[in-house]
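Here is the file protein.txt (compact mmCIF, C-alpha atoms).
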```txt
# COMPACT_ATOMS: atom_id res chain seq x y z
CA MET A 949 40.33 73.20 -3.78
CA GLU A 950 39.11 76.64 -4.86
CA GLY A 951 38.88 79.00 -1.91
CA ALA A 952 40.39 76.52 0.53
CA ALA A 953 43.56 77.68 2.24
CA LEU A 954 46.56 75.66 1.12
CA PHE A 955 47.94 75.36 4.65
CA ILE A 956 45.00 73.21 5.86
CA PRO A 957 46.11 69.56 5.95
CA ALA A 958 43.74 66.70 5.19
CA GLY A 959 43.62 64.96 8.60
CA SER A 960 42.23 66.49 11.78
CA PRO A 961 44.61 66.72 14.78
CA ILE A 962 41.86 65.06 16.85
CA GLU A 963 42.85 61.83 15.10
CA GLN A 964 45.91 61.73 17.39
CA LEU A 965 43.55 61.06 20.31
CA ALA A 966 41.04 58.90 18.45
CA ALA A 967 41.89 55.78 20.45
CA ASP A 968 41.01 57.51 23.74
CA LEU A 969 37.72 59.05 22.67
CA GLY A 970 34.24 57.56 22.93
CA PRO A 971 31.48 57.78 20.30
CA ASN A 972 30.60 61.27 21.64
CA GLY A 973 34.12 62.54 20.91
CA LEU A 974 35.06 62.82 24.59
CA PRO A 975 37.21 60.66 26.85
CA TYR A 976 34.17 60.36 29.19
CA GLY A 977 30.47 59.70 28.70
CA LEU A 978 28.75 62.99 29.48
CA PRO A 979 30.08 66.51 28.77
CA ILE A 980 31.07 68.57 31.83
CA HIS A 981 30.78 72.11 30.47
CA PRO A 982 26.98 72.18 30.06
CA ASN A 983 26.57 71.04 33.65
CA LEU A 984 28.80 73.78 35.05
CA VAL A 985 26.82 76.23 32.90
CA HIS A 986 23.76 75.44 35.07
CA LEU A 987 25.70 76.83 38.03
CA THR A 988 27.15 79.87 36.27
CA ILE A 989 23.83 81.04 34.83
CA GLY A 990 21.70 80.13 37.84
CA LEU A 991 24.00 81.85 40.32
CA PHE A 992 24.48 84.99 38.22
CA VAL A 993 20.81 85.51 37.41
CA ILE A 994 19.67 84.97 41.00
CA ALA A 995 22.46 87.21 42.34
CA ILE A 996 21.28 90.13 40.20
CA ALA A 997 17.60 89.33 40.84
CA PHE A 998 18.07 89.48 44.62
CA ASP A 999 20.06 92.71 44.42
CA ILE A 1000 17.15 94.16 42.43
CA ALA A 1001 14.79 92.91 45.15
CA GLY A 1002 17.03 94.59 47.74
CA ALA A 1003 17.17 97.84 45.78
CA LEU A 1004 13.37 97.96 45.39
CA TYR A 1005 12.79 96.90 49.01
CA PRO A 1006 10.79 100.01 50.02
CA VAL A 1007 8.26 99.22 47.29
CA GLU A 1008 7.81 95.52 48.02
CA LYS A 1009 7.97 95.38 51.83
CA ARG A 1010 4.18 95.63 52.10
CA VAL A 1011 3.87 92.48 50.01
CA PHE A 1012 6.15 90.53 52.36
CA ARG A 1013 4.23 91.88 55.36
CA PHE A 1014 1.02 90.64 53.71
CA LEU A 1015 2.63 87.22 53.20
CA ALA A 1016 3.79 87.25 56.86
CA LEU A 1017 7.26 86.39 55.56
CA PRO A 1018 9.91 88.09 57.71
CA VAL A 1019 12.41 89.69 55.36
CA THR A 1020 15.45 91.93 55.75
CA ARG A 1021 16.92 94.10 53.05
CA GLY A 1022 20.40 93.02 54.08
CA GLY A 1023 19.38 89.40 53.55
CA PHE A 1024 18.49 90.07 49.92
CA HIS A 1025 21.81 91.81 49.35
CA ASP A 1026 23.62 88.90 51.03
CA VAL A 1027 22.13 86.60 48.38
CA GLY A 1028 23.26 89.08 45.71
CA TRP A 1029 26.82 89.08 47.02
CA TYR A 1030 27.42 85.43 47.94
CA ASN A 1031 25.76 84.01 44.82
CA LEU A 1032 27.87 86.28 42.62
CA LEU A 1033 31.02 85.30 44.49
CA ALA A 1034 30.22 81.61 44.00
CA CYS A 1035 29.42 82.32 40.33
CA SER A 1036 32.84 83.92 39.84
CA VAL A 1037 34.65 80.90 41.27
CA VAL A 1038 32.62 78.31 39.34
CA THR A 1039 32.81 80.14 36.01
CA PHE A 1040 36.58 79.65 35.70
CA PHE A 1041 35.90 75.92 35.63
CA THR A 1042 32.93 76.38 33.27
CA VAL A 1043 35.16 78.16 30.74
CA ALA A 1044 38.08 75.74 31.19
CA ALA A 1045 35.83 72.70 30.66
CA GLY A 1046 34.24 74.49 27.70
CA PHE A 1047 37.58 74.99 25.98
CA PHE A 1048 38.67 71.42 26.60
CA GLU A 1049 35.47 70.07 25.10
CA MET A 1050 35.39 72.56 22.23
CA LEU A 1051 38.93 71.57 21.20
CA LEU A 1052 37.56 68.03 20.82
CA ALA A 1053 34.40 69.12 19.00
CA VAL A 1054 33.51 67.54 15.66
CA PRO A 1055 30.36 69.34 14.45
CA VAL A 1056 28.06 67.59 11.98
CA PRO A 1057 29.16 68.91 8.55
CA GLY A 1058 27.02 70.95 6.19
CA VAL A 1059 24.75 72.47 8.85
CA THR A 1060 23.72 76.12 9.16
CA SER A 1061 22.16 77.04 12.51
CA SER A 1062 18.74 78.61 12.91
CA ILE A 1063 20.40 82.02 13.40
CA GLY A 1064 22.36 81.56 10.18
CA LEU A 1065 25.85 80.66 11.41
CA GLN A 1066 27.99 77.68 10.48
CA SER A 1067 29.69 75.52 13.08
CA MET A 1068 33.13 77.19 13.10
CA GLU A 1069 31.64 80.68 13.39
CA THR A 1070 29.38 79.47 16.21
CA MET A 1071 32.31 77.94 18.09
CA LEU A 1072 34.51 81.04 17.66
CA TRP A 1073 31.78 83.34 18.95
CA HIS A 1074 30.95 80.97 21.81
CA GLY A 1075 34.61 80.59 22.80
CA VAL A 1076 35.52 84.27 22.74
CA GLY A 1077 32.15 85.20 24.25
CA GLY A 1078 32.75 82.79 27.13
CA VAL A 1079 36.03 84.44 28.05
CA VAL A 1080 34.49 87.92 27.81
CA ILE A 1081 31.57 86.88 30.03
CA LEU A 1082 33.99 85.40 32.60
CA LEU A 1083 35.91 88.69 32.56
CA VAL A 1084 32.72 90.72 33.09
CA ILE A 1085 31.51 88.43 35.90
CA VAL A 1086 34.84 88.74 37.74
CA ALA A 1087 34.91 92.52 37.20
CA MET A 1088 31.33 92.76 38.50
CA THR A 1089 32.27 90.71 41.57
CA VAL A 1090 35.10 93.14 42.38
CA TRP A 1091 32.73 96.06 41.73
CA ARG A 1092 30.07 94.43 43.92
CA GLY A 1093 32.66 93.90 46.66
CA TYR A 1094 33.65 97.59 46.67
CA GLN A 1095 29.99 98.57 46.93
CA ARG A 1096 29.39 96.14 49.79
CA PHE A 1097 32.51 96.73 51.87
CA ARG A 1098 33.55 100.31 51.00
CA TRP A 1099 31.38 102.73 49.05
CA ARG A 1100 27.90 101.77 50.28
CA LYS A 1101 28.80 99.99 53.52
CA ASP A 1102 26.35 101.96 55.66
CA MET A 1103 23.58 102.39 53.12
CA GLY A 1104 20.33 100.42 52.94
CA ARG A 1105 20.59 99.96 49.19
CA GLN A 1106 23.89 98.18 48.81
CA VAL A 1107 24.17 98.42 45.00
CA GLN A 1108 24.30 101.23 42.45
CA TRP A 1109 21.58 101.39 39.81
CA LEU A 1110 24.28 101.23 37.13
CA TYR A 1111 25.46 97.90 38.56
CA LEU A 1112 21.97 96.44 38.23
CA LEU A 1113 21.70 97.81 34.69
CA VAL A 1114 24.99 96.18 33.69
CA GLY A 1115 23.73 92.94 35.25
CA LEU A 1116 20.52 93.07 33.21
CA GLY A 1117 22.60 93.81 30.11
CA LEU A 1118 24.66 90.72 30.78
CA PHE A 1119 21.41 88.68 30.99
CA LEU A 1120 20.86 89.50 27.31
CA VAL A 1121 24.43 88.64 26.36
CA ILE A 1122 24.27 85.36 28.30
CA GLY A 1123 20.93 84.55 26.63
CA LEU A 1124 22.45 84.96 23.17
CA HIS A 1125 25.62 83.18 24.21
CA GLY A 1126 23.63 80.28 25.63
CA THR A 1127 21.68 80.03 22.38
CA LEU A 1128 24.94 79.52 20.51
CA GLY A 1129 25.94 76.83 22.99
CA ALA A 1130 22.57 75.11 22.71
CA GLU A 1131 22.88 75.13 18.91
CA LEU A 1132 26.32 73.51 19.11
CA ALA A 1133 24.62 70.55 20.78
CA ALA A 1134 21.12 70.40 19.32
CA GLU A 1135 21.91 71.47 15.73
CA PHE A 1136 25.60 70.72 15.17
CA GLY A 1137 25.47 67.56 17.31
CA VAL A 1138 28.71 68.37 19.17
CA HIS A 1139 29.38 65.63 21.77
CA VAL A 1140 25.87 64.19 21.33
CA THR A 1141 26.42 60.43 20.98
CA ALA A 1142 23.29 59.77 18.89
CA ASP A 1143 24.02 62.65 16.48
CA GLN A 1144 27.63 61.57 16.00
CA LEU A 1145 26.55 57.97 15.38
CA LEU A 1146 23.98 59.12 12.81
CA ALA A 1147 26.60 61.29 11.08
CA ALA A 1148 28.85 58.23 10.92
CA GLY A 1149 26.05 56.32 9.20
CA ALA A 1150 25.21 54.03 12.14
CA ASP A 1151 21.75 52.57 12.82
CA LEU A 1152 20.57 53.89 16.19
CA ASN A 1153 18.37 50.83 16.73
CA GLU A 1154 21.55 48.76 16.90
CA ALA A 1155 24.08 51.30 18.18
CA LEU A 1156 21.88 52.73 20.98
CA PRO A 1157 19.41 50.01 21.92
CA MET B 460 -8.75 70.56 16.72
CA LEU B 461 -5.15 69.43 16.18
CA GLU B 462 -4.55 72.04 13.48
CA LEU B 463 -5.03 74.73 16.13
CA LEU B 464 -1.78 73.63 17.77
CA PRO B 465 1.40 75.45 16.63
CA ALA B 466 3.52 73.71 14.00
CA LEU B 467 6.60 71.82 15.17
CA ASN B 468 10.07 72.88 13.99
CA ASP B 469 13.13 70.77 13.18
CA HIS B 470 13.65 70.19 16.94
CA ASN B 471 10.10 68.77 17.06
CA LEU B 472 9.17 71.73 19.27
CA PRO B 473 6.63 74.55 18.98
CA TRP B 474 9.38 76.95 20.17
CA MET B 475 12.93 77.62 19.01
CA ASP B 476 14.80 75.27 21.35
CA THR B 477 14.22 73.21 24.49
CA ILE B 478 13.16 75.41 27.43
CA HIS B 479 13.28 72.78 30.18
CA PRO B 480 17.13 72.66 30.34
CA ILE B 481 17.13 76.45 30.79
CA VAL B 482 14.62 76.46 33.65
CA VAL B 483 16.49 73.68 35.45
CA HIS B 484 19.51 76.00 35.76
CA PHE B 485 17.67 77.47 38.72
CA VAL B 486 16.67 74.22 40.37
CA ILE B 487 20.15 72.71 40.05
CA ALA B 488 22.23 75.77 40.89
CA MET B 489 20.00 77.02 43.73
CA GLY B 490 19.39 73.56 45.18
CA LEU B 491 23.09 72.67 45.27
CA ILE B 492 24.38 76.06 46.41
CA SER B 493 21.82 76.06 49.22
CA PHE B 494 23.48 72.95 50.66
CA VAL B 495 27.01 74.30 50.03
CA PHE B 496 26.24 77.56 51.86
CA ASP B 497 24.60 75.64 54.73
CA LEU B 498 27.71 73.50 55.02
CA ILE B 499 30.05 76.51 55.01
CA GLY B 500 27.73 78.31 57.43
CA VAL B 501 27.81 75.44 59.93
CA ILE B 502 31.55 74.72 59.66
CA PHE B 503 32.73 78.34 59.78
CA ARG B 504 29.85 79.60 61.97
CA ARG B 505 28.70 82.15 59.40
CA SER B 506 25.00 82.42 60.16
CA ALA B 507 24.48 85.10 57.46
CA LEU B 508 24.88 82.28 54.94
CA PHE B 509 21.80 80.50 56.36
CA GLU B 510 19.63 83.35 55.08
CA VAL B 511 21.28 83.06 51.65
CA SER B 512 20.59 79.32 51.68
CA PHE B 513 16.97 79.85 52.66
CA TRP B 514 16.28 82.14 49.69
CA ASN B 515 18.11 79.88 47.26
CA LEU B 516 16.09 76.89 48.47
CA LEU B 517 12.84 78.83 48.15
CA PHE B 518 13.77 79.82 44.61
CA ALA B 519 14.70 76.26 43.65
CA THR B 520 11.28 75.17 44.89
CA ALA B 521 9.45 77.79 42.83
CA ALA B 522 11.54 76.98 39.75
CA ILE B 523 10.98 73.23 39.82
CA PHE B 524 7.27 73.60 39.09
CA VAL B 525 8.03 75.68 36.00
CA ALA B 526 10.69 73.10 35.04
CA ILE B 527 8.11 70.29 35.36
CA ILE B 528 5.57 72.10 33.17
CA PHE B 529 8.07 72.58 30.34
CA GLY B 530 9.59 69.18 31.00
CA GLN B 531 6.25 67.45 30.55
CA VAL B 532 5.45 69.26 27.31
CA GLU B 533 8.90 68.59 25.89
CA ALA B 534 8.91 64.98 27.10
CA GLY B 535 5.58 64.52 25.35
CA LEU B 536 7.17 65.67 22.09
CA ALA B 537 10.47 63.83 22.57
CA ASN B 538 9.63 60.47 20.91
CA PRO B 539 12.09 58.54 23.10
CA TYR B 540 13.51 55.36 21.62
CA GLY B 541 15.36 52.32 22.98
CA ALA B 542 16.52 52.61 26.57
CA SER B 543 15.82 56.36 26.62
CA ARG B 544 12.14 55.48 27.19
CA ASP B 545 12.98 54.01 30.61
CA ILE B 546 15.36 56.86 31.42
CA LEU B 547 12.69 59.43 30.57
CA ASN B 548 10.17 57.61 32.78
CA LEU B 549 12.60 57.58 35.69
CA HIS B 550 13.56 61.22 35.07
CA SER B 551 9.86 62.20 35.15
CA THR B 552 9.19 60.23 38.31
CA ILE B 553 12.18 61.69 40.17
CA GLY B 554 11.32 65.16 38.83
CA TRP B 555 7.82 65.08 40.31
CA SER B 556 9.19 63.60 43.53
CA LEU B 557 11.79 66.37 43.76
CA SER B 558 8.98 68.95 43.66
CA GLY B 559 7.56 67.30 46.79
CA VAL B 560 10.93 66.98 48.49
CA LEU B 561 11.83 70.62 47.75
CA SER B 562 8.43 71.86 48.98
CA LEU B 563 8.75 69.90 52.23
CA MET B 564 12.30 71.13 52.78
CA SER B 565 11.27 74.73 52.12
CA ALA B 566 8.47 74.41 54.68
CA TRP B 567 10.82 72.80 57.22
CA ARG B 568 13.37 75.52 56.59
CA TYR B 569 10.73 78.24 57.02
CA VAL B 570 9.93 76.87 60.49
CA ILE B 571 13.64 76.64 61.41
CA ARG B 572 14.20 80.21 60.24
CA SER B 573 11.14 81.48 62.15
CA LYS B 574 12.37 79.90 65.38
CA ASP B 575 16.04 80.90 65.22
CA PRO B 576 17.63 82.15 62.00
CA GLN B 577 21.12 81.99 63.55
CA ARG B 578 21.19 78.21 64.01
CA LEU B 579 20.81 75.30 61.62
CA PRO B 580 19.91 71.86 63.09
CA LEU B 581 22.18 69.10 61.80
CA PRO B 582 19.28 66.90 60.57
CA PHE B 583 18.43 69.62 58.07
CA LEU B 584 22.02 69.66 56.87
CA GLY B 585 21.79 65.90 56.37
CA ALA B 586 18.55 66.27 54.44
CA GLY B 587 20.26 68.93 52.30
CA GLY B 588 23.00 66.43 51.50
CA LEU B 589 20.43 63.86 50.42
CA LEU B 590 18.64 66.48 48.33
CA SER B 591 21.92 67.31 46.58
CA ALA B 592 22.52 63.64 45.84
CA LEU B 593 19.02 63.34 44.40
CA ILE B 594 19.61 66.41 42.22
CA VAL B 595 22.88 64.92 40.92
CA VAL B 596 21.11 61.66 40.01
CA GLN B 597 18.33 63.58 38.26
CA VAL B 598 20.84 65.72 36.33
CA THR B 599 22.72 62.61 35.21
CA LEU B 600 19.50 61.08 33.85
CA GLY B 601 18.63 64.32 32.03
CA ASN B 602 22.17 64.42 30.64
CA GLN B 603 21.73 60.95 29.17
CA LEU B 604 18.53 61.98 27.40
CA ILE B 605 20.24 64.83 25.57
CA TRP B 606 23.93 63.90 25.40
CA VAL B 607 23.56 60.18 24.69
CA TYR B 608 20.15 59.83 23.03
CA GLY B 609 20.03 63.33 21.52
CA LEU B 610 16.29 63.83 22.13
CA HIS B 611 15.08 67.04 20.43
CA THR B 612 18.37 67.45 18.54
CA VAL B 613 17.96 68.10 14.82
CA PRO B 614 19.80 64.98 13.54
CA VAL B 615 17.76 62.63 15.76
CA VAL B 616 14.46 64.36 14.88
CA GLN B 617 15.41 64.05 11.17
CA ALA B 618 16.20 60.36 11.55
CA MET B 619 12.94 59.85 13.43
CA ARG B 620 10.87 61.56 10.75
CA ALA B 621 12.63 59.45 8.13
CA GLY B 622 11.56 56.34 10.07
CA LEU B 623 15.18 55.36 10.86
CA VAL B 624 14.74 55.28 14.65
```

Turn this file's structure into structure tokens for me.
Amino acid sequence: MEGAALFIPAGSPIEQLAADLGPNGLPYGLPIHPNLVHLTIGLFVIAIAFDIAGALYPVEKRVFRFLALPVTRGGFHDVGWYNLLACSVVTFFTVAAGFFEMLLAVPVPGVTSSIGLQSMETMLWHGVGGVVILLVIVAMTVWRGYQRFRWRKDMGRQVQWLYLLVGLGLFLVIGLHGTLGAELAAEFGVHVTADQLLAAGADLNEALP
Amino acid sequence: MLELLPALNDHNLPWMDTIHPIVVHFVIAMGLISFVFDLIGVIFRRSALFEVSFWNLLFATAAIFVAIIFGQVEAGLANPYGASRDILNLHSTIGWSLSGVLSLMSAWRYVIRSKDPQRLPLPFLGAGGLLSALIVVQVTLGNQLIWVYGLHTVPVVQAMRAGLV
């Protein structure tokens, strides 16, 4: 037991729920968090992208005229605002579902991810990172709201350059964060039925015909 | 000739991790939110939301072709087994069909928007509902490929290379 903390008991608390969990470690067949993630990431990225399109409108309006596609600058900024608002609402559920499913996670033992982290480190970073990203998204929504309804109400460009820069910065953070999440599934086998069955020594030809 | 292709990693991919599930963020999120905003726009008479829906729909349509390209490459390297073979076939068929459905709906929406951007005909709202249902079915099938059958996950690829699957 060298190096192991003495306070760690032998059994996992998840055993208390074992009777209610399926072979993927969840009380239902398919995980919810990764599906809500589609909405969080899609809505955030497109919100920022359309605000960038709105900010650079004077440059690109010739292109839209060439395409004979009627476009208004306000329309682009509407996408930026409403998509971000929807993202803010959805992301609370994304994070909540993520914590529920992470509390039930049983990563395949003895694995180090391709970026050199073990499962517990990956989960801690992904959990804390998720809350921080939620916080930033909500703060950006409030910031975006002030720009839209107060500070830049009568201006053509509805967003500050700094806002767009922070948005692009969050793209990078979300990219890294998403990589950790993807590794939890595809490398640590968290809530992947086939991976959990293999770790338990089952034959997939029989267990998953 | 084959040695010119990049080597495959422990996910059986020539790149770090699956790209298809990342690209589909934009098809799923933009396709579904387009319908949600249309619905809110009709019920609460907020015609500004119709413009937001239009752009989201257009973006979903552009994204699905990128999703199909990566989907086909990654499906080709997936080595499906058992029932996942049928699921992957169905997922591919619906995926290609969705590209047609999304393109048609974008074109229809372009005409509606050109005529009167302030109004949305109810048949389009109905079609949006059907599109959302189709997206949900497609997402469920994709979910089964990764979350049940673990295609492209390291443990399954390992088992496959060891001849266990």

Problem - Distance criterion (all atoms listed in the file): nearest to A:Ile1122 out of B:His470, B:Ala592, B:Ile481, B:Leu557 - result: B:Ile481

Practice task
Tell me which of B:Met475, B:Val501, B:Leu547, B:Leu463 sits closest to A:Ser1061, counting all atoms listed in the file.
Solution key: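 The closest residue to A:Ser1061 is B:Met475.
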
Problem - stretch 1082-1088 of chain A surroundings by only C-alpha atoms, 9 Å radius, close-in-sequence under 2 positions cut, as an MDAnalysis selection string - result: chainID A and resid 992 1032:1033 1035:1037 1039:1040 1043 1077:1080 1090:1093 1111 1114:1115 1118

Selection file, C-alpha atoms, as a PDB file, in the coordinates of the input:
```pdb
ATOM      1  CA  PHE A 992      24.480  84.990  38.220  1.00  0.00           C
ATOM      2  CA  LEU A1032      27.870  86.280  42.620  1.00  0.00           C
ATOM      3  CA  LEU A1033      31.020  85.300  44.490  1.00  0.00           C
ATOM      4  CA  CYS A1035      29.420  82.320  40.330  1.00  0.00           C
ATOM      5  CA  SER A1036      32.840  83.920  39.840  1.00  0.00           C
ATOM      6  CA  VAL A1037      34.650  80.900  41.270  1.00  0.00           C
ATOM      7  CA  THR A1039      32.810  80.140  36.010  1.00  0.00           C
ATOM      8  CA  PHE A1040      36.580  79.650  35.700  1.00  0.00           C
ATOM      9  CA  VAL A1043      35.160  78.160  30.740  1.00  0.00           C
ATOM     10  CA  GLY A1077      32.150  85.200  24.250  1.00  0.00           C
ATOM     11  CA  GLY A1078      32.750  82.790  27.130  1.00  0.00           C
ATOM     12  CA  VAL A1079      36.030  84.440  28.050  1.00  0.00           C
ATOM     13  CA  VAL A1080      34.490  87.920  27.810  1.00  0.00           C
ATOM     14  CA  VAL A1090      35.100  93.140  42.380  1.00  0.00           C
ATOM     15  CA  TRP A1091      32.730  96.060  41.730  1.00  0.00           C
ATOM     16  CA  ARG A1092      30.070  94.430  43.920  1.00  0.00           C
ATOM     17  CA  GLY A1093      32.660  93.900  46.660  1.00  0.00           C
ATOM     18  CA  TYR A1111      25.460  97.900  38.560  1.00  0.00           C
ATOM     19  CA  VAL A1114      24.990  96.180  33.690  1.00  0.00           C
ATOM     20  CA  GLY A1115      23.730  92.940  35.250  1.00  0.00           C
ATOM     21  CA  LEU A1118      24.660  90.720  30.780  1.00  0.00           C
TER      22      LEU A1118
END
```

Problem - Residue neighbourhood A:Gly990, 8 Å, only C-alpha atoms, exclusion window fewer than 2 positions, as a list in words - result: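 Answer for this query is His986, Leu987, Thr988, Phe992, Val993 and Ile994 of chain A; His484, Phe485, Ile487, Ala488 and Met489 of chain B.
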
Practice task
Could you give me, as a VMD selection string, the residues that have an atom at most 10 Å away from the point (22.2, 89.6, 44.3) in the coordinates of the file, using only C-alpha atoms?
Solution key: (chain A and resid 991 to 1003 1023 to 1033 1092 1106 to 1107 1112 1115) or (chain B and resid 511)

Fill in the blank from the handout: The residue from B:Val482, B:Val525, B:Leu472, B:Leu498 with the smallest atom-to-atom distance to B:Phe583, counting all atoms listed in the file, is B:Leu498

Practice task
Select all residues near (6.3, 72.9, 18.7) (cut-off 12 Å, inclusive, file coordinates), counting only C-alpha atoms, and output them as a PyMOL selection string.
Solution key: chain B and resi 463-478+529+532-537+611

Problem - d(atom CA of A:Pro1157, atom CA of B:Ile546) in Å - result: 12.4 Å
